[in-house]
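> Pasting target.txt below, which is compact mmCIF, C-alpha atoms and all ligand atoms.
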```txt
# COMPACT_ATOMS: atom_id res chain seq x y z
CA MET A 1 -14.16 -58.27 -36.28
CA ASP A 2 -12.66 -55.08 -37.69
CA TYR A 3 -14.07 -51.60 -37.04
CA GLN A 4 -13.52 -48.29 -38.82
CA ILE A 5 -11.60 -46.19 -36.29
CA ALA A 6 -13.25 -42.99 -37.58
CA GLU A 7 -16.66 -44.58 -36.88
CA LEU A 8 -15.69 -45.32 -33.28
CA ILE A 9 -14.49 -41.72 -32.84
CA ARG A 10 -17.73 -40.42 -34.38
CA LYS A 11 -19.78 -42.59 -32.03
CA LYS A 12 -18.09 -41.08 -28.97
CA ARG A 13 -18.16 -37.59 -30.45
CA ASP A 14 -21.94 -37.93 -30.79
CA ASN A 15 -22.18 -39.09 -27.18
CA ASN A 16 -23.13 -42.69 -27.93
CA ILE A 17 -21.98 -45.70 -25.90
CA LEU A 18 -19.14 -47.87 -27.19
CA SER A 19 -19.32 -51.62 -26.61
CA ASP A 20 -16.67 -53.62 -24.79
CA ILE A 21 -15.44 -55.12 -28.04
CA GLU A 22 -15.22 -51.73 -29.78
CA ILE A 23 -13.12 -50.26 -26.96
CA LYS A 24 -10.88 -53.32 -26.90
CA PHE A 25 -10.36 -53.10 -30.67
CA LEU A 26 -9.42 -49.41 -30.53
CA VAL A 27 -7.04 -49.77 -27.57
CA HIS A 28 -5.30 -52.94 -28.79
CA GLU A 29 -4.88 -51.66 -32.34
CA TYR A 30 -3.39 -48.45 -30.93
CA ALA A 31 -1.00 -50.38 -28.66
CA LYS A 32 0.18 -52.41 -31.69
CA GLY A 33 0.85 -49.22 -33.64
CA TYR A 34 -1.99 -49.69 -36.20
CA VAL A 35 -3.95 -46.62 -35.06
CA PRO A 36 -2.09 -43.31 -35.47
CA ASP A 37 -1.72 -40.81 -32.62
CA TYR A 38 -4.03 -38.30 -34.36
CA GLN A 39 -6.95 -40.73 -34.30
CA MET A 40 -6.36 -41.76 -30.70
CA SER A 41 -6.06 -38.06 -29.75
CA ALA A 42 -9.45 -37.35 -31.34
CA PHE A 43 -10.99 -40.28 -29.46
CA LEU A 44 -9.44 -39.17 -26.15
CA MET A 45 -10.82 -35.65 -26.59
CA ALA A 46 -14.29 -37.03 -27.42
CA ALA A 47 -14.09 -39.23 -24.29
CA PHE A 48 -12.82 -36.29 -22.26
CA LEU A 49 -15.71 -34.05 -23.36
CA ASN A 50 -18.56 -36.57 -23.34
CA GLY A 51 -17.35 -38.90 -20.59
CA LEU A 52 -17.49 -42.69 -20.39
CA ASN A 53 -20.18 -44.58 -18.49
CA ASP A 54 -19.36 -47.30 -15.91
CA GLN A 55 -19.45 -50.06 -18.49
CA GLU A 56 -17.13 -48.12 -20.86
CA SER A 57 -14.72 -47.27 -17.98
CA SER A 58 -14.55 -50.92 -17.01
CA SER A 59 -14.03 -51.95 -20.67
CA LEU A 60 -11.25 -49.37 -21.04
CA THR A 61 -9.47 -50.74 -17.95
CA HIS A 62 -9.83 -54.33 -19.21
CA ALA A 63 -8.55 -53.33 -22.66
CA MET A 64 -5.48 -51.49 -21.32
CA LEU A 65 -4.74 -54.30 -18.87
CA SER A 66 -5.02 -57.02 -21.52
CA SER A 67 -2.72 -55.06 -23.87
CA GLY A 68 0.11 -56.52 -21.73
CA SER A 69 0.63 -59.26 -19.20
CA ILE A 70 -0.66 -59.63 -15.66
CA LEU A 71 2.05 -60.71 -13.25
CA ASP A 72 1.39 -63.99 -11.57
CA LEU A 73 2.44 -63.88 -7.92
CA THR A 74 -0.02 -66.57 -6.77
CA HIS A 75 2.84 -68.92 -5.75
CA ILE A 76 3.95 -66.37 -3.12
CA PRO A 77 2.06 -66.92 0.14
CA GLY A 78 -0.07 -64.13 1.56
CA ILE A 79 -2.40 -61.49 0.20
CA LYS A 80 -0.39 -59.01 -1.89
CA VAL A 81 -1.37 -55.43 -1.26
CA ASP A 82 -0.25 -52.18 -2.86
CA LYS A 83 -1.06 -48.53 -2.28
CA HIS A 84 -1.44 -45.86 -4.94
CA SER A 85 -1.56 -42.11 -4.50
CA THR A 86 -2.99 -39.75 -7.09
CA GLY A 87 0.00 -37.50 -6.42
CA GLY A 88 0.89 -34.45 -4.42
CA VAL A 89 3.69 -32.24 -3.13
CA GLY A 90 6.04 -33.70 -0.50
CA ASP A 91 4.15 -37.00 -0.72
CA LYS A 92 6.78 -39.52 0.34
CA LEU A 93 4.31 -41.93 1.96
CA SER A 94 5.11 -44.88 -0.35
CA LEU A 95 8.74 -44.89 0.80
CA ILE A 96 7.54 -45.26 4.38
CA LEU A 97 4.51 -47.51 4.26
CA ALA A 98 5.80 -50.11 1.78
CA PRO A 99 8.64 -51.24 4.12
CA ILE A 100 6.36 -50.98 7.18
CA VAL A 101 3.80 -53.36 5.66
CA ALA A 102 6.39 -55.73 4.14
CA SER A 103 8.22 -55.92 7.49
CA LEU A 104 4.98 -57.28 8.97
CA GLY A 105 4.94 -60.20 6.52
CA VAL A 106 2.49 -58.80 3.92
CA PRO A 107 3.96 -58.84 0.38
CA VAL A 108 3.96 -55.41 -1.33
CA PRO A 109 4.58 -55.42 -5.10
CA MET A 110 4.73 -51.67 -5.76
CA VAL A 111 4.92 -50.08 -9.21
CA SER A 112 5.29 -46.31 -9.08
CA GLY A 113 5.69 -43.36 -11.41
CA ARG A 114 7.93 -40.37 -12.00
CA GLY A 115 7.27 -36.76 -11.05
CA LEU A 116 4.57 -35.17 -13.18
CA GLY A 117 4.19 -31.39 -13.42
CA HIS A 118 4.41 -29.89 -9.95
CA THR A 119 3.99 -33.29 -8.21
CA GLY A 120 6.90 -35.49 -7.17
CA GLY A 121 7.29 -39.16 -8.13
CA THR A 122 8.38 -42.13 -6.03
CA LEU A 123 10.81 -43.37 -8.73
CA ASP A 124 12.74 -40.07 -8.78
CA LYS A 125 12.94 -40.15 -4.97
CA LEU A 126 14.28 -43.72 -4.94
CA GLU A 127 16.82 -42.92 -7.66
CA SER A 128 18.22 -40.11 -5.50
CA ILE A 129 19.76 -42.94 -3.44
CA PRO A 130 22.99 -43.54 -5.40
CA GLY A 131 22.88 -46.88 -7.24
CA PHE A 132 19.16 -47.61 -6.67
CA ARG A 133 17.66 -49.31 -9.76
CA VAL A 134 13.92 -49.01 -10.40
CA ASP A 135 14.06 -50.61 -13.87
CA VAL A 136 13.87 -54.26 -12.86
CA THR A 137 13.01 -57.11 -15.24
CA LEU A 138 9.82 -59.08 -14.62
CA LYS A 139 11.94 -62.03 -13.42
CA ARG A 140 13.78 -59.85 -10.91
CA TYR A 141 10.48 -58.21 -9.86
CA VAL A 142 9.09 -61.61 -8.87
CA GLU A 143 12.38 -62.62 -7.17
CA LEU A 144 12.35 -59.48 -5.03
CA VAL A 145 8.80 -60.13 -3.83
CA GLU A 146 9.72 -63.79 -3.15
CA LYS A 147 12.84 -62.90 -1.18
CA HIS A 148 12.01 -59.58 0.50
CA GLY A 149 8.22 -59.39 0.29
CA LEU A 150 8.76 -56.05 -1.41
CA VAL A 151 9.69 -54.48 -4.73
CA LEU A 152 9.78 -50.76 -5.59
CA ALA A 153 9.84 -50.58 -9.37
CA GLY A 154 8.83 -48.59 -12.43
CA GLN A 155 6.22 -49.63 -15.00
CA ASN A 156 7.65 -52.39 -17.14
CA ASP A 157 7.00 -52.41 -20.93
CA GLU A 158 4.85 -55.50 -20.46
CA MET A 159 2.56 -53.90 -17.85
CA ALA A 160 -0.41 -52.15 -19.47
CA PRO A 161 1.63 -50.91 -22.48
CA ALA A 162 -1.48 -49.28 -23.99
CA ASP A 163 -1.73 -47.03 -20.93
CA LYS A 164 1.92 -46.02 -21.25
CA LYS A 165 1.31 -44.82 -24.84
CA MET A 166 -2.09 -43.28 -24.13
CA TYR A 167 -0.89 -41.48 -21.01
CA ALA A 168 1.99 -39.85 -22.92
CA LEU A 169 -0.53 -38.72 -25.57
CA ARG A 170 -2.98 -37.38 -22.96
CA ASP A 171 -0.19 -35.37 -21.41
CA VAL A 172 0.29 -33.40 -24.65
CA THR A 173 -3.37 -33.23 -25.79
CA ALA A 174 -4.89 -31.70 -22.61
CA THR A 175 -6.88 -34.85 -21.86
CA VAL A 176 -5.41 -35.86 -18.50
CA GLU A 177 -8.05 -34.45 -16.13
CA SER A 178 -10.88 -36.84 -16.93
CA ILE A 179 -12.15 -39.15 -14.17
CA PRO A 180 -12.81 -42.24 -16.38
CA LEU A 181 -9.50 -41.84 -18.24
CA ILE A 182 -7.53 -41.39 -14.99
CA ALA A 183 -9.34 -44.32 -13.38
CA GLY A 184 -8.67 -46.67 -16.30
CA SER A 185 -5.05 -45.58 -16.45
CA ILE A 186 -4.34 -46.08 -12.75
CA MET A 187 -6.26 -49.31 -12.34
CA SER A 188 -4.87 -51.03 -15.46
CA LYS A 189 -1.32 -50.50 -14.12
CA LYS A 190 -2.20 -51.57 -10.59
CA LEU A 191 -4.07 -54.69 -11.70
CA ALA A 192 -1.08 -55.72 -13.87
CA GLU A 193 1.16 -55.87 -10.77
CA GLY A 194 -0.26 -59.13 -9.47
CA ILE A 195 -1.98 -57.60 -6.42
CA ASP A 196 -4.89 -59.07 -4.46
CA ALA A 197 -6.03 -55.83 -2.79
CA LEU A 198 -5.39 -52.10 -3.06
CA VAL A 199 -5.37 -48.99 -0.86
CA LEU A 200 -5.75 -45.64 -2.61
CA ASP A 201 -4.86 -42.17 -1.41
CA VAL A 202 -6.93 -39.78 -3.51
CA LYS A 203 -5.91 -36.20 -2.90
CA TYR A 204 -7.71 -32.93 -3.46
CA GLY A 205 -6.65 -29.30 -3.19
CA SER A 206 -4.27 -26.90 -4.90
CA GLY A 207 -1.39 -29.41 -5.08
CA ALA A 208 -3.51 -32.30 -6.41
CA PHE A 209 -4.99 -33.26 -9.79
CA MET A 210 -8.48 -33.06 -8.30
CA LYS A 211 -9.06 -29.53 -7.05
CA THR A 212 -12.24 -30.23 -5.06
CA GLN A 213 -13.19 -32.79 -2.44
CA ALA A 214 -16.31 -33.72 -4.44
CA HIS A 215 -14.24 -34.60 -7.53
CA ALA A 216 -11.78 -36.59 -5.39
CA ILE A 217 -14.66 -38.61 -3.92
CA GLU A 218 -16.07 -39.24 -7.41
CA LEU A 219 -12.66 -40.42 -8.68
CA ALA A 220 -12.16 -42.57 -5.56
CA GLN A 221 -15.54 -44.26 -6.00
CA THR A 222 -14.79 -44.98 -9.68
CA LEU A 223 -11.39 -46.49 -8.75
CA VAL A 224 -12.89 -48.57 -5.92
CA ASP A 225 -15.72 -49.84 -8.16
CA ILE A 226 -13.24 -50.91 -10.86
CA GLY A 227 -11.05 -52.68 -8.25
CA GLU A 228 -14.05 -54.48 -6.78
CA SER A 229 -15.29 -55.48 -10.26
CA PHE A 230 -11.96 -57.34 -10.64
CA ASN A 231 -12.54 -59.00 -7.22
CA LYS A 232 -9.72 -56.98 -5.65
CA PRO A 233 -10.90 -55.48 -2.35
CA THR A 234 -10.16 -51.75 -2.61
CA ILE A 235 -10.35 -48.91 -0.08
CA ALA A 236 -9.68 -45.24 -0.81
CA PHE A 237 -8.89 -42.38 1.55
CA ILE A 238 -9.65 -38.79 0.57
CA SER A 239 -6.87 -36.51 1.76
CA ASN A 240 -6.18 -32.81 1.76
CA MET A 241 -3.36 -31.52 -0.48
CA GLU A 242 -3.81 -27.76 -0.03
CA THR A 243 -0.49 -27.77 1.79
CA PRO A 244 2.49 -30.12 1.34
CA THR A 245 2.89 -33.38 3.24
CA GLY A 246 5.63 -33.07 5.86
CA LEU A 247 8.45 -30.55 5.76
CA ALA A 248 10.61 -31.82 2.88
CA ILE A 249 9.90 -31.34 -0.85
CA GLY A 250 12.42 -32.74 -3.34
CA ASN A 251 13.87 -36.16 -3.99
CA TRP A 252 16.80 -36.78 -1.60
CA LEU A 253 15.31 -34.35 0.95
CA GLU A 254 12.20 -36.54 1.03
CA VAL A 255 14.27 -39.71 1.40
CA LEU A 256 15.88 -38.12 4.47
CA GLU A 257 12.46 -37.31 5.94
CA SER A 258 11.26 -40.86 5.18
CA ILE A 259 14.25 -42.30 7.04
CA ASP A 260 13.32 -40.12 10.04
CA VAL A 261 9.69 -41.23 9.97
CA LEU A 262 10.62 -44.89 9.56
CA GLN A 263 12.60 -44.52 12.76
CA GLY A 264 9.60 -43.07 14.60
CA ASN A 265 10.56 -39.40 14.23
CA GLY A 266 9.70 -36.73 11.67
CA PRO A 267 6.57 -34.58 11.12
CA SER A 268 3.37 -35.86 12.72
CA ASP A 269 1.21 -35.47 9.56
CA THR A 270 3.58 -37.75 7.64
CA GLN A 271 3.72 -40.26 10.51
CA ASN A 272 -0.07 -40.33 10.93
CA GLN A 273 -0.88 -40.71 7.26
CA SER A 274 1.77 -43.42 6.78
CA THR A 275 0.47 -45.47 9.70
CA LEU A 276 -3.17 -45.00 8.62
CA LEU A 277 -2.52 -46.23 5.07
CA SER A 278 -0.31 -49.06 6.40
CA GLY A 279 -3.10 -50.01 8.81
CA ALA A 280 -5.57 -50.20 5.90
CA MET A 281 -3.15 -52.35 3.87
CA LEU A 282 -2.73 -54.77 6.80
CA TYR A 283 -6.51 -54.86 7.23
CA LEU A 284 -7.07 -55.75 3.55
CA ALA A 285 -4.34 -58.40 3.84
CA GLY A 286 -6.37 -59.96 6.67
CA THR A 287 -3.57 -59.87 9.25
CA VAL A 288 -5.50 -57.53 11.60
CA PRO A 289 -9.25 -57.30 12.34
CA THR A 290 -9.57 -53.51 11.88
CA ILE A 291 -7.69 -50.57 10.35
CA GLU A 292 -7.11 -49.23 13.89
CA ALA A 293 -5.41 -52.50 14.90
CA GLY A 294 -3.28 -52.18 11.77
CA ILE A 295 -2.19 -48.67 12.81
CA VAL A 296 -1.01 -50.11 16.15
CA GLU A 297 1.03 -52.80 14.33
CA ALA A 298 2.51 -50.23 11.95
CA LYS A 299 3.67 -48.08 14.88
CA LYS A 300 5.26 -51.13 16.51
CA ALA A 301 7.13 -51.93 13.29
CA MET A 302 8.59 -48.42 13.34
CA SER A 303 9.54 -48.35 17.03
CA SER A 304 11.10 -51.82 16.93
CA GLY A 305 13.35 -50.88 13.97
CA LYS A 306 11.81 -53.65 11.79
CA ALA A 307 10.41 -51.23 9.22
CA PHE A 308 13.68 -49.33 8.81
CA GLN A 309 15.60 -52.62 8.47
CA LYS A 310 13.20 -53.68 5.67
CA PHE A 311 13.82 -50.35 3.93
CA LYS A 312 17.57 -50.94 4.12
CA ASP A 313 17.17 -54.51 2.83
CA ILE A 314 15.28 -53.37 -0.27
CA VAL A 315 17.64 -50.45 -0.92
CA GLU A 316 20.55 -52.91 -0.92
CA ALA A 317 18.68 -55.53 -2.97
CA GLN A 318 17.87 -52.95 -5.67
CA GLY A 319 21.46 -51.75 -5.90
CA GLY A 320 21.35 -48.71 -3.60
CA ASP A 321 24.47 -47.70 -1.69
CA LEU A 322 23.60 -48.28 1.98
CA SER A 323 26.41 -46.05 3.22
CA TYR A 324 24.20 -43.05 2.29
CA ILE A 325 21.32 -44.42 4.35
CA ASP A 326 23.59 -45.09 7.34
CA ARG A 327 25.38 -41.73 7.02
CA PRO A 328 23.00 -39.42 5.13
CA ASP A 329 25.30 -36.40 5.66
CA SER A 330 27.82 -38.01 3.30
CA ARG A 331 25.42 -37.28 0.38
CA GLY A 332 26.14 -33.54 0.84
CA THR A 333 23.76 -30.71 -0.03
CA ALA A 334 23.01 -28.64 -3.13
CA LYS A 335 25.46 -25.85 -4.03
CA HIS A 336 23.06 -23.12 -2.85
CA CYS A 337 20.85 -23.20 0.26
CA TYR A 338 18.86 -19.94 0.42
CA PRO A 339 16.92 -19.16 3.60
CA ILE A 340 13.66 -17.26 3.03
CA LEU A 341 13.16 -14.86 5.94
CA ASN A 342 9.72 -13.78 7.05
CA SER A 343 8.87 -10.20 6.06
CA THR A 344 6.00 -9.68 8.51
CA GLN A 345 4.53 -11.41 11.54
CA GLY A 346 1.41 -13.47 12.13
CA TYR A 347 -0.11 -16.91 11.74
CA ILE A 348 0.48 -18.72 8.48
CA THR A 349 -3.05 -19.11 7.09
CA ARG A 350 -2.08 -20.50 3.66
CA LEU A 351 1.00 -22.48 2.61
CA ASP A 352 0.13 -23.41 -0.93
CA ALA A 353 1.15 -26.84 -2.21
CA TYR A 354 0.89 -25.92 -5.91
CA GLN A 355 3.14 -22.84 -5.62
CA LEU A 356 5.70 -24.77 -3.58
CA GLY A 357 5.54 -27.69 -6.03
CA THR A 358 6.23 -25.42 -9.03
CA LEU A 359 8.99 -23.66 -7.07
CA SER A 360 10.67 -27.00 -6.35
CA VAL A 361 10.54 -27.80 -10.10
CA ARG A 362 12.22 -24.42 -10.79
CA LEU A 363 14.93 -25.34 -8.26
CA GLY A 364 15.58 -28.55 -10.24
CA ALA A 365 13.64 -31.16 -8.23
CA GLY A 366 11.14 -31.83 -11.05
CA ARG A 367 10.99 -31.79 -14.83
CA GLN A 368 10.08 -28.82 -16.98
CA GLN A 369 10.09 -31.17 -20.00
CA LYS A 370 9.63 -34.93 -20.08
CA GLU A 371 13.19 -35.67 -21.21
CA HIS A 372 14.83 -33.51 -18.50
CA ASP A 373 16.77 -35.07 -15.63
CA VAL A 374 15.86 -34.20 -12.07
CA ASP A 375 18.41 -32.90 -9.59
CA PRO A 376 18.36 -35.31 -6.63
CA LEU A 377 19.55 -32.69 -4.12
CA ALA A 378 17.24 -29.80 -5.12
CA GLY A 379 14.09 -28.90 -3.21
CA ILE A 380 12.64 -27.09 -0.23
CA ILE A 381 12.79 -27.61 3.51
CA LEU A 382 9.88 -25.92 5.25
CA GLU A 383 10.87 -24.52 8.62
CA LYS A 384 7.27 -23.42 9.37
CA LYS A 385 3.95 -25.09 8.67
CA LEU A 386 0.36 -23.96 8.18
CA GLY A 387 -0.98 -22.51 11.45
CA ASP A 388 2.45 -21.64 12.92
CA TYR A 389 2.99 -18.13 14.33
CA VAL A 390 6.05 -16.50 12.71
CA GLN A 391 7.99 -13.45 13.82
CA LYS A 392 9.51 -11.02 11.32
CA GLY A 393 13.00 -12.22 10.32
CA GLU A 394 12.41 -15.89 11.20
CA THR A 395 13.25 -18.47 8.52
CA LEU A 396 10.15 -19.73 6.71
CA MET A 397 11.88 -22.23 4.45
CA THR A 398 15.24 -23.05 2.88
CA LEU A 399 15.57 -23.45 -0.90
CA HIS A 400 18.14 -25.99 -2.12
CA THR A 401 19.42 -25.76 -5.70
CA ASN A 402 22.46 -26.45 -7.84
CA LYS A 403 21.32 -23.85 -10.40
CA ASP A 404 22.44 -20.24 -10.38
CA LEU A 405 19.01 -18.63 -10.21
CA ASP A 406 17.79 -15.10 -9.52
CA VAL A 407 17.35 -15.07 -5.72
CA ASP A 408 14.82 -12.17 -5.80
CA GLU A 409 12.62 -14.15 -8.19
CA LEU A 410 12.84 -17.22 -5.91
CA GLU A 411 11.94 -15.11 -2.90
CA ARG A 412 8.89 -13.63 -4.66
CA TRP A 413 7.82 -17.15 -5.68
CA ALA A 414 8.21 -18.44 -2.11
CA PHE A 415 6.16 -15.53 -0.74
CA SER A 416 3.41 -16.16 -3.31
CA SER A 417 2.76 -19.48 -1.55
CA ILE A 418 2.07 -17.84 1.83
CA GLU A 419 -0.66 -15.76 3.48
CA TRP A 420 -0.63 -14.48 7.07
CA GLY A 421 -3.44 -13.62 9.48
CA LEU A 422 -4.04 -12.40 13.01
CA THR A 423 -5.84 -15.53 14.18
CA GLN A 424 -4.71 -19.12 13.97
CA PRO A 425 -6.57 -21.02 11.20
CA LYS A 426 -8.76 -23.92 12.33
CA PRO A 427 -6.81 -27.16 11.65
CA GLN A 428 -8.33 -29.06 8.71
CA PRO A 429 -8.45 -32.87 8.95
CA LEU A 430 -5.82 -34.42 6.72
CA VAL A 431 -8.08 -37.34 5.80
CA SER A 432 -11.73 -36.42 5.34
CA HIS A 433 -13.40 -39.57 3.96
CA ILE A 434 -12.97 -43.27 3.46
CA VAL A 435 -14.52 -44.77 0.35
CA ASP A 436 -15.28 -48.46 -0.10
CA LYS A 437 -17.70 -50.55 -2.14
CA ASN A 438 -20.55 -49.25 0.06
CA GLY A 439 -19.79 -45.62 -0.80
CA PRO A 440 -18.05 -42.67 0.92
CA LYS A 441 -18.13 -42.12 4.70
CA ALA A 442 -16.74 -39.20 6.71
CA TYR A 443 -13.50 -40.27 8.41
CA SER A 444 -12.53 -39.05 11.85
N1 LIG B 1 -1.74 -41.12 -12.84
C1 LIG B 1 -1.88 -42.10 -13.74
O1 LIG B 1 -1.25 -43.13 -13.66
N2 LIG B 1 -2.73 -41.90 -14.78
C2 LIG B 1 -3.47 -40.79 -14.91
O2 LIG B 1 -4.24 -40.70 -15.84
C3 LIG B 1 -3.31 -39.76 -13.96
C4 LIG B 1 -2.45 -39.96 -12.92
```
Rewrite the coordinates I just gave you, this time as structure tokens.

Amino acid sequence: MDYQIAELIRKKRDNNILSDIEIKFLVHEYAKGYVPDYQMSAFLMAAFLNGLNDQESSSLTHAMLSSGSILDLTHIPGIKVDKHSTGGVGDKLSLILAPIVASLGVPVPMVSGRGLGHTGGTLDKLESIPGFRVDVTLKRYVELVEKHGLVLAGQNDEMAPADKKMYALRDVTATVESIPLIAGSIMSKKLAEGIDALVLDVKYGSGAFMKTQAHAIELAQTLVDIGESFNKPTIAFISNMETPTGLAIGNWLEVLESIDVLQGNGPSDTQNQSTLLSGAMLYLAGTVPTIEAGIVEAKKAMSSGKAFQKFKDIVEAQGGDLSYIDRPDSRGTAKHCYPILNSTQGYITRLDAYQLGTLSVRLGAGRQQKEHDVDPLAGIILEKKLGDYVQKGETLMTLHTNKDLDVDELERWAFSSIEWGLTQPKPQPLVSHIVDKNGPKAYS
């Protein structure tokens, strides 16, 4: 059955409900190139403004998923589990938890994205390891999961191609920040990977897409409900992204921190969140009875060296030069490393993820335009964290860049991310809620 595209747009514009078949028609025709960008843009804006109900969100996910192929990994033993984060600053958790979980015998087929705006992307981080290839063919994708129980790849043209086109259009038509559109986009890609279960890290705060905890919980519940409607057990954690994760921001700098954490060292927030999400993945895979038992197993995989060995195996299998993992110093540093010295004294009461994320983009770690390359060595090392007491003249952070930038401007930018106070701020829990098919629950 054929529909008039303008009629479908009008229906959504007038806040009426589109049927499953109407959404499928629109999405598939667009993916095939029969619907022009201007019509899809109008539809996306109507959906952005009027929303989509649960049935329409589910239909959108189905339509984007069926625009491509769903990978079949059923011949590989075990429950395949992935984790997806809605993105943040300094969020290197995928690099840590994927090898932890795979080293414990649970297959992890992981498809990730590139840095977007002020947020970093797992693919850019992996590519900062010289030689590492994220653009694997579907055949190679399956082989890597068969052989190593792990693949760290980019979205292939055959995985939810409608989402790829629609996401690029949303990026330039101010229609990204819509819960049903984000949910359909994320879940269509994840479901195409061939997973059996999924753990989500939905972030809120200045450095996240969702600025408030309430919106993050709403998005998490929508994602979980879509996952469950596809019979894929799904759990989401709600985590705070007011301040960056860990101390490193920037591609190679984050790989270095991940190597530290995989070896049982590194910042405690990064360690704790990696083991929590790993524990949840192991729980969904059925290899442990509770998330807490999974956390214990994840810690053992780090202290025994198993997790780090799995990381090295996959780096080598995907073309990465292991000499840089064994001797990270040989990678060198950016041309300029500027220390930012504290101008006053007191407790750090704000260390803003968004400001630091945009500063790292300015230094070269992210893209100002889609076609730009990222500088693997650029970024920020935080020497102090939220809640630390800092004396005048102490180093707050070091800025790494290969660009010749105005140092005064960088200093002003760095200071705009910080506030000081006389009393130590009360520590905020990193993870506030866990959301499953029964709804959100406070997490402690
Ligand atoms: N990440 C995605 O993959 N899609 C969105 O819409 C937003 C974030």
> In Å, how far is it from CA of Leu73 in chain A to CA of Arg140 in chain A?
12.4 Å
> Restricting the calculation to all atoms listed in the file, which member of A:Leu97, A:Val134, A:Val89, A:Met187 is positioned closest to ligand LIG 1 (chain B)?
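The answer is A:Met187, which sits nearest to ligand LIG 1 (chain B).
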> Ligand LIG 1 (chain B): which residues are within 6 Å, counting only C-alpha atoms and all ligand atoms? Reply as a list in words.
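With only C-alpha atoms and all ligand atoms and a cut-off of 6 Å, ligand LIG 1 (chain B) is contacted by Thr86, Val176, Leu181, Ile182, Ser185 and Ile186 of chain A.
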> Which residue out of A:Ser258, A:Thr358, A:Thr423, A:Thr119 has the minimum interatomic distance to Gly346 in chain A when all atoms listed in the file are used?
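Going through A:Ser258, A:Thr358, A:Thr423, A:Thr119 one by one, the smallest distance to Gly346 in chain A is for A:Thr423.
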> Find the spatial neighbours of Ile235 in chain A, counting all atoms listed in the file, within a cut-off of 7 Å - ignore same-chain residues fewer than 5 positions away - and output them as a list in words.
Leu198, Val199, Leu200, Val224, Val435 and Asp436 of chain A
> For Phe308 in chain A, list every protein, DNA or RNA residue within 12 Å, evaluated using all atoms listed in the file, and leave out those in the same chain fewer than 5 positions away; present the list as a PDB file with C-alpha atoms, in the coordinates of the input.

```pdb
ATOM      1  CA  LEU A  95       8.740 -44.890   0.800  1.00  0.00           C
ATOM      2  CA  ILE A  96       7.540 -45.260   4.380  1.00  0.00           C
ATOM      3  CA  LEU A  97       4.510 -47.510   4.260  1.00  0.00           C
ATOM      4  CA  ALA A  98       5.800 -50.110   1.780  1.00  0.00           C
ATOM      5  CA  PRO A  99       8.640 -51.240   4.120  1.00  0.00           C
ATOM      6  CA  ILE A 100       6.360 -50.980   7.180  1.00  0.00           C
ATOM      7  CA  VAL A 101       3.800 -53.360   5.660  1.00  0.00           C
ATOM      8  CA  ALA A 102       6.390 -55.730   4.140  1.00  0.00           C
ATOM      9  CA  SER A 103       8.220 -55.920   7.490  1.00  0.00           C
ATOM     10  CA  LEU A 104       4.980 -57.280   8.970  1.00  0.00           C
ATOM     11  CA  SER A 258      11.260 -40.860   5.180  1.00  0.00           C
ATOM     12  CA  ILE A 259      14.250 -42.300   7.040  1.00  0.00           C
ATOM     13  CA  ASP A 260      13.320 -40.120  10.040  1.00  0.00           C
ATOM     14  CA  VAL A 261       9.690 -41.230   9.970  1.00  0.00           C
ATOM     15  CA  LEU A 262      10.620 -44.890   9.560  1.00  0.00           C
ATOM     16  CA  GLN A 263      12.600 -44.520  12.760  1.00  0.00           C
ATOM     17  CA  GLY A 264       9.600 -43.070  14.600  1.00  0.00           C
ATOM     18  CA  ASN A 265      10.560 -39.400  14.230  1.00  0.00           C
ATOM     19  CA  ALA A 298       2.510 -50.230  11.950  1.00  0.00           C
ATOM     20  CA  LYS A 299       3.670 -48.080  14.880  1.00  0.00           C
ATOM     21  CA  LYS A 300       5.260 -51.130  16.510  1.00  0.00           C
ATOM     22  CA  ALA A 301       7.130 -51.930  13.290  1.00  0.00           C
ATOM     23  CA  MET A 302       8.590 -48.420  13.340  1.00  0.00           C
ATOM     24  CA  SER A 303       9.540 -48.350  17.030  1.00  0.00           C
ATOM     25  CA  ASP A 313      17.170 -54.510   2.830  1.00  0.00           C
ATOM     26  CA  ILE A 314      15.280 -53.370  -0.270  1.00  0.00           C
ATOM     27  CA  VAL A 315      17.640 -50.450  -0.920  1.00  0.00           C
ATOM     28  CA  ILE A 325      21.320 -44.420   4.350  1.00  0.00           C
ATOM     29  CA  ASP A 326      23.590 -45.090   7.340  1.00  0.00           C
TER      30      ASP A 326
END
```
> Using all atoms listed in the file, what residues lie at most 12 Å away from (-8.4, -52.6, 12.9) (file coordinates), given as a compact mmCIF listing (two decimals) with C-alpha atoms, in the coordinates of the input?

```txt
# COMPACT_ATOMS: atom_id res chain seq x y z
CA THR A 275 0.47 -45.47 9.70
CA LEU A 276 -3.17 -45.00 8.62
CA LEU A 277 -2.52 -46.23 5.07
CA SER A 278 -0.31 -49.06 6.40
CA GLY A 279 -3.10 -50.01 8.81
CA ALA A 280 -5.57 -50.20 5.90
CA MET A 281 -3.15 -52.35 3.87
CA LEU A 282 -2.73 -54.77 6.80
CA TYR A 283 -6.51 -54.86 7.23
CA LEU A 284 -7.07 -55.75 3.55
CA ALA A 285 -4.34 -58.40 3.84
CA GLY A 286 -6.37 -59.96 6.67
CA THR A 287 -3.57 -59.87 9.25
CA VAL A 288 -5.50 -57.53 11.60
CA PRO A 289 -9.25 -57.30 12.34
CA THR A 290 -9.57 -53.51 11.88
CA ILE A 291 -7.69 -50.57 10.35
CA GLU A 292 -7.11 -49.23 13.89
CA ALA A 293 -5.41 -52.50 14.90
CA GLY A 294 -3.28 -52.18 11.77
CA ILE A 295 -2.19 -48.67 12.81
CA VAL A 296 -1.01 -50.11 16.15
CA GLU A 297 1.03 -52.80 14.33
CA ALA A 298 2.51 -50.23 11.95
```
